[in-house]
file work.csv (CSV, C-alpha atoms)
chain,number,residue,atom,x,y,z
A,1,MET,CA,-52.6,-63.3,-196.6
A,2,ALA,CA,-49.5,-62.0,-194.8
A,3,ALA,CA,-47.1,-61.2,-197.6
A,4,TYR,CA,-45.0,-58.3,-196.5
A,5,GLY,CA,-41.4,-59.4,-196.2
A,6,LEU,CA,-42.3,-62.8,-197.5
A,7,TYR,CA,-38.9,-64.5,-197.6
A,8,THR,CA,-39.5,-67.0,-200.3
A,9,HIS,CA,-41.0,-64.4,-202.6
A,10,ILE,CA,-38.1,-62.1,-202.1
A,11,GLN,CA,-35.5,-64.8,-202.7
A,12,SER,CA,-37.4,-65.9,-205.8
A,13,ASN,CA,-37.4,-62.3,-207.2
A,14,LYS,CA,-33.6,-62.1,-206.6
A,15,ARG,CA,-33.0,-65.3,-208.5
A,16,ARG,CA,-35.3,-64.1,-211.3
A,17,SER,CA,-33.4,-60.8,-211.5
A,18,VAL,CA,-30.1,-62.6,-212.1
A,19,ALA,CA,-31.7,-64.9,-214.6
A,20,LEU,CA,-33.2,-62.0,-216.5
A,21,LEU,CA,-29.9,-60.3,-216.8
A,22,ILE,CA,-28.3,-63.5,-218.1
A,23,GLY,CA,-31.2,-63.9,-220.5
A,24,LEU,CA,-30.6,-60.3,-221.7
A,25,PHE,CA,-27.1,-61.0,-222.9
A,26,ILE,CA,-28.2,-64.3,-224.6
A,27,LEU,CA,-31.0,-62.5,-226.5
A,28,VAL,CA,-28.5,-59.7,-227.5
A,29,TYR,CA,-26.1,-62.3,-228.9
A,30,VAL,CA,-28.9,-64.0,-230.8
A,31,LEU,CA,-29.7,-60.6,-232.4
A,32,VAL,CA,-26.1,-59.9,-233.2
A,33,TYR,CA,-25.7,-63.3,-235.0
A,34,ALA,CA,-28.9,-62.6,-236.9
A,35,GLY,CA,-27.5,-59.2,-237.9
A,36,ALA,CA,-24.2,-60.8,-239.0
A,37,LEU,CA,-26.2,-63.2,-241.2
A,38,VAL,CA,-28.1,-60.5,-242.8
A,39,ALA,CA,-25.0,-58.5,-243.5
A,40,GLU,CA,-23.3,-61.4,-245.2
A,41,VAL,CA,-26.2,-61.9,-247.5
A,42,LEU,CA,-26.2,-58.3,-248.4
A,43,MET,CA,-22.5,-58.3,-249.1
A,44,LEU,CA,-22.1,-61.8,-250.7
A,45,GLY,CA,-25.4,-62.1,-252.5
A,46,ASP,CA,-26.9,-65.5,-253.2
A,47,ALA,CA,-24.0,-67.6,-251.9
A,48,PRO,CA,-24.3,-71.2,-250.6
A,49,LEU,CA,-26.0,-71.4,-247.2
A,50,ASP,CA,-23.1,-73.2,-245.4
A,51,TYR,CA,-20.7,-70.5,-246.7
A,52,LEU,CA,-23.0,-67.7,-245.4
A,53,ILE,CA,-23.4,-69.4,-242.0
A,54,ARG,CA,-19.6,-69.8,-241.6
A,55,ALA,CA,-19.0,-66.2,-242.6
A,56,ALA,CA,-21.7,-65.0,-240.2
A,57,GLU,CA,-20.1,-67.0,-237.4
A,58,PHE,CA,-16.8,-65.4,-238.0
A,59,ASP,CA,-18.4,-61.9,-238.0
A,60,PHE,CA,-20.3,-62.8,-234.8
A,61,LEU,CA,-17.1,-63.7,-232.9
A,62,LYS,CA,-15.6,-60.4,-233.9
A,63,ALA,CA,-18.8,-58.5,-232.8
A,64,VAL,CA,-19.3,-60.2,-229.4
A,65,PRO,CA,-16.9,-57.9,-227.5
A,66,PHE,CA,-18.6,-54.8,-228.9
A,67,ALA,CA,-22.1,-56.2,-228.2
A,68,THR,CA,-21.1,-57.1,-224.6
A,69,VAL,CA,-19.7,-53.6,-223.9
A,70,GLY,CA,-22.7,-52.0,-225.5
A,71,THR,CA,-25.1,-54.0,-223.4
A,72,ILE,CA,-23.2,-53.2,-220.2
A,73,LEU,CA,-23.2,-49.5,-221.1
A,74,TRP,CA,-27.0,-49.7,-221.7
A,75,ILE,CA,-27.5,-51.4,-218.3
A,76,LEU,CA,-25.3,-48.7,-216.6
A,77,ILE,CA,-27.3,-45.9,-218.3
A,78,ALA,CA,-30.6,-47.5,-217.3
A,79,TYR,CA,-29.3,-48.1,-213.7
A,80,ASN,CA,-28.4,-44.4,-213.2
A,81,PHE,CA,-31.0,-42.6,-215.4
A,82,HIS,CA,-34.1,-44.8,-215.6
A,83,GLN,CA,-35.9,-42.5,-213.1
A,84,SER,CA,-35.2,-39.5,-215.3
A,85,MET,CA,-36.5,-41.4,-218.3
A,86,ILE,CA,-39.7,-42.4,-216.5
A,87,ASP,CA,-40.2,-38.9,-215.2
A,88,ALA,CA,-39.9,-37.5,-218.7
A,89,VAL,CA,-42.6,-39.9,-219.9
A,90,THR,CA,-45.0,-39.3,-217.1
A,91,GLY,CA,-44.3,-35.7,-216.3
A,92,ALA,CA,-43.5,-36.5,-212.7
A,93,HIS,CA,-41.4,-34.5,-210.3
A,94,GLU,CA,-40.1,-34.9,-206.8
A,95,VAL,CA,-41.9,-33.2,-204.0
A,96,SER,CA,-41.0,-32.4,-200.4
A,97,ARG,CA,-43.0,-32.2,-197.1
A,98,THR,CA,-43.5,-28.5,-197.6
A,99,GLU,CA,-45.1,-29.0,-201.1
A,100,GLU,CA,-47.2,-32.0,-200.2
A,101,PRO,CA,-47.6,-32.3,-196.4
A,102,ARG,CA,-50.6,-34.6,-196.6
A,103,LEU,CA,-49.0,-37.2,-198.8
A,104,TYR,CA,-45.6,-36.9,-197.2
A,105,ASN,CA,-46.9,-37.4,-193.7
A,106,ILE,CA,-49.0,-40.5,-194.6
A,107,LEU,CA,-46.0,-42.1,-196.2
A,108,GLU,CA,-43.6,-41.1,-193.4
A,109,ASN,CA,-46.0,-42.6,-190.7
A,110,LEU,CA,-46.1,-45.9,-192.6
A,111,CYS,CA,-42.4,-46.1,-192.9
A,112,ILE,CA,-41.8,-45.2,-189.3
A,113,SER,CA,-44.3,-47.8,-188.1
A,114,ARG,CA,-42.3,-50.6,-189.7
A,115,GLY,CA,-38.8,-49.2,-189.7
A,116,ILE,CA,-38.6,-48.9,-193.5
A,117,THR,CA,-36.3,-46.4,-195.2
A,118,MET,CA,-38.6,-43.8,-196.7
A,119,PRO,CA,-38.5,-43.7,-200.5
A,120,LYS,CA,-38.7,-40.4,-202.4
A,121,LEU,CA,-42.1,-39.0,-203.3
A,122,ARG,CA,-43.1,-37.9,-206.8
A,123,ILE,CA,-46.2,-36.3,-208.2
A,124,ALA,CA,-47.4,-36.8,-211.8
A,125,ASP,CA,-49.6,-34.0,-213.0
A,126,ASP,CA,-52.2,-36.3,-214.6
A,127,ASP,CA,-55.9,-36.7,-214.0
A,128,ALA,CA,-55.7,-40.5,-214.0
A,129,LEU,CA,-56.0,-42.4,-210.8
A,130,ASN,CA,-52.8,-44.4,-210.5
A,131,ALA,CA,-49.5,-44.9,-208.6
A,132,PHE,CA,-46.3,-46.8,-209.1
A,133,ALA,CA,-42.9,-47.4,-207.5
A,134,THR,CA,-39.5,-47.4,-209.2
A,135,GLY,CA,-35.8,-47.9,-208.4
A,136,LEU,CA,-33.1,-50.5,-208.2
A,137,ASN,CA,-31.7,-49.9,-204.7
A,138,ALA,CA,-32.6,-48.2,-201.4
A,139,LYS,CA,-31.1,-44.9,-202.5
A,140,GLN,CA,-33.2,-44.9,-205.7
A,141,TYR,CA,-36.5,-46.1,-204.6
A,142,SER,CA,-39.3,-43.7,-205.3
A,143,ILE,CA,-43.2,-43.7,-205.3
A,144,THR,CA,-45.1,-41.7,-207.8
A,145,VAL,CA,-48.7,-40.7,-207.3
A,146,THR,CA,-50.9,-38.9,-209.8
A,147,ARG,CA,-52.8,-35.7,-209.1
A,148,GLY,CA,-56.0,-37.4,-209.9
A,149,LEU,CA,-55.4,-40.1,-207.2
A,150,LEU,CA,-54.8,-37.4,-204.6
A,151,ALA,CA,-58.0,-35.6,-205.5
A,152,ALA,CA,-60.2,-38.7,-205.6
A,153,LEU,CA,-59.0,-40.8,-202.6
A,154,ASN,CA,-59.3,-40.0,-198.9
A,155,ASP,CA,-56.4,-40.4,-196.4
A,156,GLN,CA,-57.1,-44.0,-195.6
A,157,GLU,CA,-57.3,-45.0,-199.2
A,158,ILE,CA,-54.1,-43.1,-200.1
A,159,GLU,CA,-52.4,-44.9,-197.1
A,160,ALA,CA,-53.5,-48.2,-198.5
A,161,VAL,CA,-52.1,-47.3,-202.0
A,162,LEU,CA,-48.8,-46.2,-200.5
A,163,GLY,CA,-48.7,-49.5,-198.5
A,164,HIS,CA,-49.2,-51.4,-201.7
A,165,GLU,CA,-46.2,-49.7,-203.3
A,166,LEU,CA,-44.0,-50.0,-200.2
A,167,THR,CA,-44.7,-53.8,-200.3
A,168,HIS,CA,-43.6,-53.9,-204.0
A,169,ILE,CA,-40.3,-52.2,-203.0
A,170,ARG,CA,-39.7,-54.5,-200.0
A,171,ASN,CA,-40.6,-57.7,-201.9
A,172,GLY,CA,-38.2,-56.8,-204.8
A,173,ASP,CA,-40.9,-56.5,-207.4
A,174,VAL,CA,-39.8,-53.0,-208.4
A,175,ARG,CA,-36.3,-54.2,-209.2
A,176,MET,CA,-37.7,-57.0,-211.3
A,177,LEU,CA,-39.9,-54.7,-213.3
A,178,VAL,CA,-37.1,-52.1,-214.0
A,179,ILE,CA,-34.8,-54.9,-215.3
A,180,ALA,CA,-37.6,-56.2,-217.5
A,181,VAL,CA,-38.1,-52.7,-218.9
A,182,VAL,CA,-34.3,-52.5,-219.6
A,183,ILE,CA,-34.4,-55.9,-221.4
A,184,ALA,CA,-37.3,-54.7,-223.6
A,185,GLY,CA,-35.4,-51.6,-224.5
A,186,VAL,CA,-32.2,-53.4,-225.4
A,187,ILE,CA,-34.0,-56.0,-227.6
A,188,SER,CA,-36.1,-53.3,-229.3
A,189,PHE,CA,-33.0,-51.3,-230.1
A,190,PHE,CA,-30.9,-54.2,-231.5
A,191,GLY,CA,-33.9,-55.6,-233.4
A,192,GLU,CA,-34.7,-52.3,-235.0
A,193,MET,CA,-31.1,-51.8,-235.9
A,194,VAL,CA,-31.0,-55.2,-237.7
A,195,PHE,CA,-34.2,-54.6,-239.5
A,196,ARG,CA,-33.0,-51.2,-240.7
A,197,LEU,CA,-29.8,-52.7,-241.9
A,198,PHE,CA,-31.7,-55.3,-244.0
A,199,PHE,CA,-34.4,-53.2,-245.5
A,200,GLN,CA,-32.4,-50.1,-246.2
A,201,ASN,CA,-29.8,-52.1,-248.0
A,202,ALA,CA,-32.4,-54.3,-249.8
A,203,PHE,CA,-34.4,-51.4,-251.1
A,204,TYR,CA,-31.8,-48.7,-251.6
A,205,GLY,CA,-28.3,-50.3,-251.7
A,206,GLY,CA,-29.0,-53.7,-253.1
A,207,GLY,CA,-27.0,-56.8,-252.6
A,208,ARG,CA,-23.4,-56.9,-253.8
A,209,ARG,CA,-22.0,-60.1,-255.1
A,210,SER,CA,-18.3,-60.5,-254.3
A,211,SER,CA,-15.9,-62.1,-256.8
A,212,SER,CA,-15.0,-64.8,-254.3
A,213,SER,CA,-18.6,-66.1,-254.4
A,214,SER,CA,-19.5,-65.4,-258.0
A,215,ASP,CA,-18.3,-68.8,-259.2
A,216,LYS,CA,-19.9,-70.7,-256.3
A,217,LYS,CA,-23.3,-72.4,-256.5
A,218,GLY,CA,-25.8,-70.0,-254.9
A,219,GLY,CA,-29.3,-70.5,-253.5
A,220,GLY,CA,-28.7,-69.9,-249.8
A,221,ALA,CA,-29.5,-66.2,-249.5
A,222,GLY,CA,-33.2,-66.7,-249.2
A,223,ILE,CA,-32.9,-69.4,-246.5
A,224,ALA,CA,-30.3,-67.3,-244.6
A,225,ILE,CA,-32.6,-64.3,-244.6
A,226,VAL,CA,-35.5,-66.5,-243.3
A,227,ILE,CA,-33.2,-67.8,-240.5
A,228,ALA,CA,-32.1,-64.3,-239.5
A,229,LEU,CA,-35.7,-63.0,-239.4
A,230,ALA,CA,-36.8,-66.0,-237.4
A,231,LEU,CA,-34.0,-65.4,-234.9
A,232,ILE,CA,-35.0,-61.7,-234.6
A,233,ALA,CA,-38.7,-62.7,-234.1
A,234,ILE,CA,-37.8,-65.3,-231.5
A,235,ALA,CA,-35.7,-62.8,-229.5
A,236,TRP,CA,-38.4,-60.2,-229.7
A,237,ILE,CA,-41.1,-62.6,-228.6
A,238,LEU,CA,-39.0,-63.9,-225.7
A,239,SER,CA,-38.4,-60.3,-224.5
A,240,ILE,CA,-42.2,-59.9,-224.4
A,241,VAL,CA,-42.7,-63.2,-222.7
A,242,ILE,CA,-40.1,-62.2,-220.0
A,243,ARG,CA,-42.1,-59.1,-219.3
A,244,PHE,CA,-45.4,-61.0,-219.1
A,245,ALA,CA,-43.9,-63.9,-217.2
A,246,LEU,CA,-43.6,-61.7,-214.2
A,247,SER,CA,-46.1,-63.3,-211.9
A,248,ARG,CA,-49.4,-61.6,-211.5
A,249,GLN,CA,-49.2,-63.0,-207.9
A,250,ARG,CA,-47.1,-59.9,-207.0
A,251,GLU,CA,-50.2,-57.8,-207.1
A,252,TYR,CA,-52.1,-60.1,-204.7
A,253,LEU,CA,-49.1,-60.1,-202.4
A,254,ALA,CA,-48.8,-56.3,-202.5
A,255,ASP,CA,-52.5,-55.9,-201.7
A,256,SER,CA,-52.2,-58.1,-198.7
A,257,GLY,CA,-49.0,-56.4,-197.7
A,258,SER,CA,-50.8,-53.1,-197.7
A,259,VAL,CA,-53.5,-54.6,-195.4
A,260,GLU,CA,-50.8,-55.9,-193.0
A,261,LEU,CA,-49.3,-52.4,-192.9
A,262,THR,CA,-52.5,-50.4,-192.5
A,263,LYS,CA,-54.7,-53.0,-190.8
A,264,ASN,CA,-57.5,-51.7,-193.0
A,265,PRO,CA,-58.7,-54.0,-195.8
A,266,ASP,CA,-61.7,-51.9,-196.5
A,267,ALA,CA,-59.5,-49.0,-197.5
A,268,MET,CA,-57.5,-51.1,-199.9
A,269,ILE,CA,-60.8,-52.4,-201.5
A,270,SER,CA,-62.3,-48.9,-201.7
A,271,ALA,CA,-59.1,-47.6,-203.3
A,272,LEU,CA,-59.1,-50.4,-205.9
A,273,ARG,CA,-62.7,-49.8,-206.7
A,274,LYS,CA,-62.1,-46.1,-207.3
A,275,ILE,CA,-59.0,-46.7,-209.4
A,276,GLU,CA,-60.6,-49.4,-211.5
A,277,GLY,CA,-60.8,-48.3,-215.2
A,278,ARG,CA,-59.6,-44.8,-214.4
A,279,GLY,CA,-55.8,-45.3,-214.3
A,280,GLU,CA,-54.8,-44.8,-218.0
A,281,LEU,CA,-51.7,-42.7,-218.3
A,282,HIS,CA,-51.9,-41.7,-221.9
A,283,ALA,CA,-48.4,-40.4,-222.2
A,284,ALA,CA,-46.9,-43.6,-220.7
A,285,ASN,CA,-45.8,-46.6,-222.7
A,286,SER,CA,-46.7,-50.2,-221.8
A,287,ALA,CA,-43.6,-50.7,-219.7
A,288,VAL,CA,-44.5,-47.9,-217.3
A,289,MET,CA,-48.1,-49.0,-217.1
A,290,GLU,CA,-46.9,-52.5,-216.0
A,291,MET,CA,-45.5,-50.8,-212.9
A,292,CYS,CA,-48.7,-49.1,-211.9
A,293,ILE,CA,-51.1,-50.3,-209.2
A,294,ASP,CA,-53.7,-51.0,-212.0
A,295,ASN,CA,-53.1,-51.4,-215.7
A,296,PRO,CA,-56.3,-50.9,-217.7
A,297,ARG,CA,-54.6,-51.9,-220.9
A,298,GLU,CA,-55.8,-55.4,-222.0
A,299,GLY,CA,-55.3,-57.7,-224.9
A,300,PHE,CA,-55.9,-61.2,-226.2
A,301,SER,CA,-58.7,-62.0,-223.8
A,302,ASN,CA,-56.6,-61.1,-220.7
A,303,VAL,CA,-53.9,-63.6,-221.6
A,304,PHE,CA,-51.3,-60.9,-221.7
A,305,ASP,CA,-52.7,-58.7,-218.9
A,306,THR,CA,-50.0,-57.8,-216.4
A,307,HIS,CA,-52.4,-57.3,-213.5
A,308,PRO,CA,-55.2,-59.5,-212.2
A,309,ALA,CA,-58.7,-58.1,-212.6
A,310,VAL,CA,-59.8,-55.8,-209.8
A,311,ASP,CA,-62.7,-58.0,-209.1
A,312,LYS,CA,-60.4,-60.9,-208.4
A,313,ARG,CA,-58.1,-58.8,-206.2
A,314,VAL,CA,-61.1,-57.5,-204.2
A,315,ALA,CA,-62.5,-61.0,-203.9
A,316,ALA,CA,-59.2,-62.2,-202.4
A,317,LEU,CA,-59.2,-59.3,-199.9
A,318,VAL,CA,-62.8,-60.1,-198.9
A,319,GLN,CA,-62.1,-63.8,-198.5
A,320,TYR,CA,-58.7,-63.7,-196.7
A,321,ALA,CA,-58.5,-60.3,-195.1
A,322,GLY,CA,-62.1,-59.9,-194.0
A,323,GLY,CA,-62.8,-56.8,-196.1
A,324,HIS,CA,-66.2,-55.6,-197.3
A,325,ASP,CA,-66.7,-54.9,-201.0
A,326,PRO,CA,-68.9,-51.8,-201.6
A,327,GLY,CA,-68.9,-52.5,-205.4
A,328,PRO,CA,-67.9,-50.1,-208.1
A,329,PRO,CA,-68.7,-46.5,-207.2
A,330,ALA,CA,-71.7,-44.9,-208.8
A,331,LEU,CA,-71.0,-42.1,-211.3
A,332,ASP,CA,-71.8,-38.6,-210.1
A,333,ALA,CA,-74.3,-36.6,-212.1
A,334,GLN,CA,-71.4,-34.4,-213.3
A,335,GLU,CA,-69.6,-37.5,-214.6
A,336,ALA,CA,-72.6,-38.7,-216.6
A,337,PRO,CA,-73.7,-35.9,-218.9
A,338,GLY,CA,-76.9,-36.6,-220.9
A,339,GLN,CA,-78.5,-38.5,-218.0
A,340,ILE,CA,-80.4,-35.5,-216.6
A,341,GLU,CA,-84.1,-36.2,-217.0
A,342,PRO,CA,-86.4,-33.3,-218.3
A,343,PRO,CA,-88.8,-31.7,-215.8
A,344,ALA,CA,-92.0,-33.7,-215.4
A,345,GLY,CA,-94.8,-32.4,-217.5
A,346,GLY,CA,-92.6,-30.9,-220.2
A,347,PRO,CA,-90.6,-27.7,-220.4
A,348,TRP,CA,-93.5,-25.3,-220.9
A,349,SER,CA,-96.0,-26.1,-218.1
A,350,ASP,CA,-95.9,-27.1,-214.5
A,351,ALA,CA,-99.6,-27.2,-214.2
A,352,ALA,CA,-99.9,-29.9,-216.8
A,353,SER,CA,-97.7,-32.2,-214.7
A,354,ASN,CA,-100.1,-31.8,-211.8
A,355,SER,CA,-103.3,-32.5,-213.9
A,356,GLY,CA,-101.8,-35.5,-215.7
A,357,LYS,CA,-103.5,-34.3,-218.9
A,358,PRO,CA,-101.9,-33.3,-222.2
A,359,PHE,CA,-100.8,-29.7,-222.4
A,360,LEU,CA,-103.7,-27.3,-223.0
A,361,PRO,CA,-103.8,-23.6,-222.2
A,362,GLY,CA,-105.9,-22.6,-219.2
A,363,GLU,CA,-107.8,-20.0,-221.2
A,364,PRO,CA,-108.5,-19.6,-224.9
A,365,PRO,CA,-106.1,-17.3,-226.7
A,366,ILE,CA,-109.0,-14.9,-227.5
A,367,GLY,CA,-111.9,-14.4,-225.3
A,368,PRO,CA,-115.4,-15.3,-226.6
A,369,THR,CA,-117.4,-12.5,-228.3
A,370,GLY,CA,-121.1,-12.7,-227.5
A,371,GLY,CA,-120.8,-16.4,-226.8
A,372,LYS,CA,-120.2,-17.1,-230.5
A,373,GLY,CA,-116.5,-17.1,-230.7
A,374,PRO,CA,-114.1,-14.6,-232.2
A,375,TRP,CA,-115.7,-14.7,-235.7
A,376,GLY,CA,-119.2,-14.3,-234.5

call {"tool": "encode", "arguments": {"input": "work.csv", "output": "structure tokens"}}
result
Amino acid sequence: MAAYGLYTHIQSNKRRSVALLIGLFILVYVLVYAGALVAEVLMLGDAPLDYLIRAAEFDFLKAVPFATVGTILWILIAYNFHQSMIDAVTGAHEVSRTEEPRLYNILENLCISRGITMPKLRIADDDALNAFATGLNAKQYSITVTRGLLAALNDQEIEAVLGHELTHIRNGDVRMLVIAVVIAGVISFFGEMVFRLFFQNAFYGGGRRSSSSSDKKGGGAGIAIVIALALIAIAWILSIVIRFALSRQREYLADSGSVELTKNPDAMISALRKIEGRGELHAANSAVMEMCIDNPREGFSNVFDTHPAVDKRVAALVQYAGGHDPGPPALDAQEAPGQIEPPAGGPWSDAASNSGKPFLPGEPPIGPTGGKGPWG
């Protein structure tokens, strides 16, 4: 299960990062061509399909330099300000040793033991139990932990979680995830721009037929629109596939890397059991949740889950790391309102519970009068 510093995994992540960036430009160019096709239909009206395609190709070639510059600017903005964007979503802020000595010392000891550059520490003021790492280089790497996690986990379990996130940083998983988030943002922006261009003009502006095409045989506008919408849909689906194609194996490797760092598989298992189902960051979008140690958001019968089930991760740690699974933690009485049983014997009498008989008063409400009762 030794995965920390796994050379093949790190090299694979580097190759994937380059491939993702190349794929980003390809998807952007597909969207630009789709937008050019929609624009020609709106300007020329129901012109022949081959004419619309040639006109869109001409517009596409003129737009490529602007699309390239725009994409590069987007990447540069994301490179320098992605942490600020994530902090704005999660409400996280950087902390020092003075502010969080317990957390800071645990992380510092882990880094010193393996000669790792210590990342920055951030706290998200959220009751959820979760943590995630961010950054694209050694100067940017950061680990964010929620308040809920600090309150619920002991020192050994927190150490295991921090070891998990350090392994993500060392293995290059964090860089991959940030790039995938950037890709999703770019595709969403360009896709929405093309859709707005089409629907706003279709419903408010209307198509304008130019004099150059008025005498031509039409019939190609509908097909051109279908092609454009299909290209947009393909680019959007591929951007999602890129995000979900990030191997779930990275979580197994990070779990095992944490065990190698801490030498404590039971702490990693216990931390996962406490976090399971309690890590939902309601203010965070799906891209941020994909970075977390556990992502409770599921869909399509686990086909699109970004994390393996906790049961599978725990089973792997038990099988390969020699850990012991205590099972899901039992809910405390305070966490399970409505489960408090009423006092035995009913709320009115303790004596009835001892006799085992239905509730009856010990004495008649009115004493007997002459042995004949209250009415004589």

call {"tool": "closest_residue", "arguments": {"input": "work.csv", "among": "A:Ile53, A:Tyr320, A:Val69, A:Val241", "to": "Val28 of chain A", "atoms": "all atoms listed in the file"}}
result
A:Val69

call {"tool": "closest_residue", "arguments": {"input": "work.csv", "among": "A:Gln319, A:Val145, A:Gly222, A:Ile183", "to": "Ser17 of chain A", "atoms": "all atoms listed in the file"}}
result
A:Ile183

call {"tool": "closest_residue", "arguments": {"input": "work.csv", "among": "A:Ala133, A:Leu76, A:Val174, A:Leu162", "to": "Glu108 of chain A", "atoms": "only C-alpha atoms"}}
result
A:Leu162

call {"tool": "closest_residue", "arguments": {"input": "work.csv", "among": "A:Leu272, A:Val226, A:Ala78, A:Ala267", "to": "Gly185 of chain A", "atoms": "only C-alpha atoms"}}
result
A:Ala78

call {"tool": "residues_near_point", "arguments": {"input": "work.csv", "point": "(-18.2, -58.8, -230.1)", "cutoff": "12 Å", "atoms": "only C-alpha atoms", "output": "number ranges by chain"}}
result
A: 25, 28-33, 36, 57-71

call {"tool": "closest_atom_pairs", "arguments": {"input": "work.csv", "of": "segment 248-331 of chain A", "to": "segment 87-104 of chain A", "cutoff": "9 Å", "atoms": "all atoms listed in the file", "output": "CSV"}}
result
residue,atom,partner,partner_atom,distance
A:Leu281,CA,A:Thr90,CA,7.6
A:His282,CA,A:Thr90,CA,8.7
A:Ala283,CA,A:Thr90,CA,6.2
A:Ala284,CA,A:Val89,CA,5.7
A:Asn285,CA,A:Val89,CA,7.9
A:Val288,CA,A:Thr90,CA,8.6

call {"tool": "closest_residue", "arguments": {"input": "work.csv", "among": "A:His164, A:Arg147, A:Lys139, A:Arg313", "to": "Asp127 of chain A", "atoms": "all atoms listed in the file"}}
result
A:Arg147

call {"tool": "residues_near_point", "arguments": {"input": "work.csv", "point": "(-42.7, -48.0, -191.3)", "cutoff": "12 Å", "atoms": "all atoms listed in the file", "output": "list of chain:residue names"}}
result
A:Tyr4, A:Asn105, A:Ile106, A:Leu107, A:Glu108, A:Asn109, A:Leu110, A:Cys111, A:Ile112, A:Ser113, A:Arg114, A:Gly115, A:Ile116, A:Thr117, A:Met118, A:Pro119, A:Glu159, A:Leu162, A:Gly163, A:Leu166, A:Thr167, A:Arg170, A:Ser258, A:Glu260, A:Leu261, A:Thr262

call {"tool": "atom_distance", "arguments": {"input": "work.csv", "atom1": "atom CA of Val318 of chain A", "atom2": "atom CA of Phe132 of chain A"}}
result
23.5 Å

call {"tool": "atom_distance", "arguments": {"input": "work.csv", "atom1": "atom CA of Asp255 of chain A", "atom2": "atom CA of His168 of chain A"}}
result
9.4 Å

call {"tool": "atom_distance", "arguments": {"input": "work.csv", "atom1": "atom CA of Ile269 of chain A", "atom2": "atom CA of Val314 of chain A"}}
result
5.8 Å
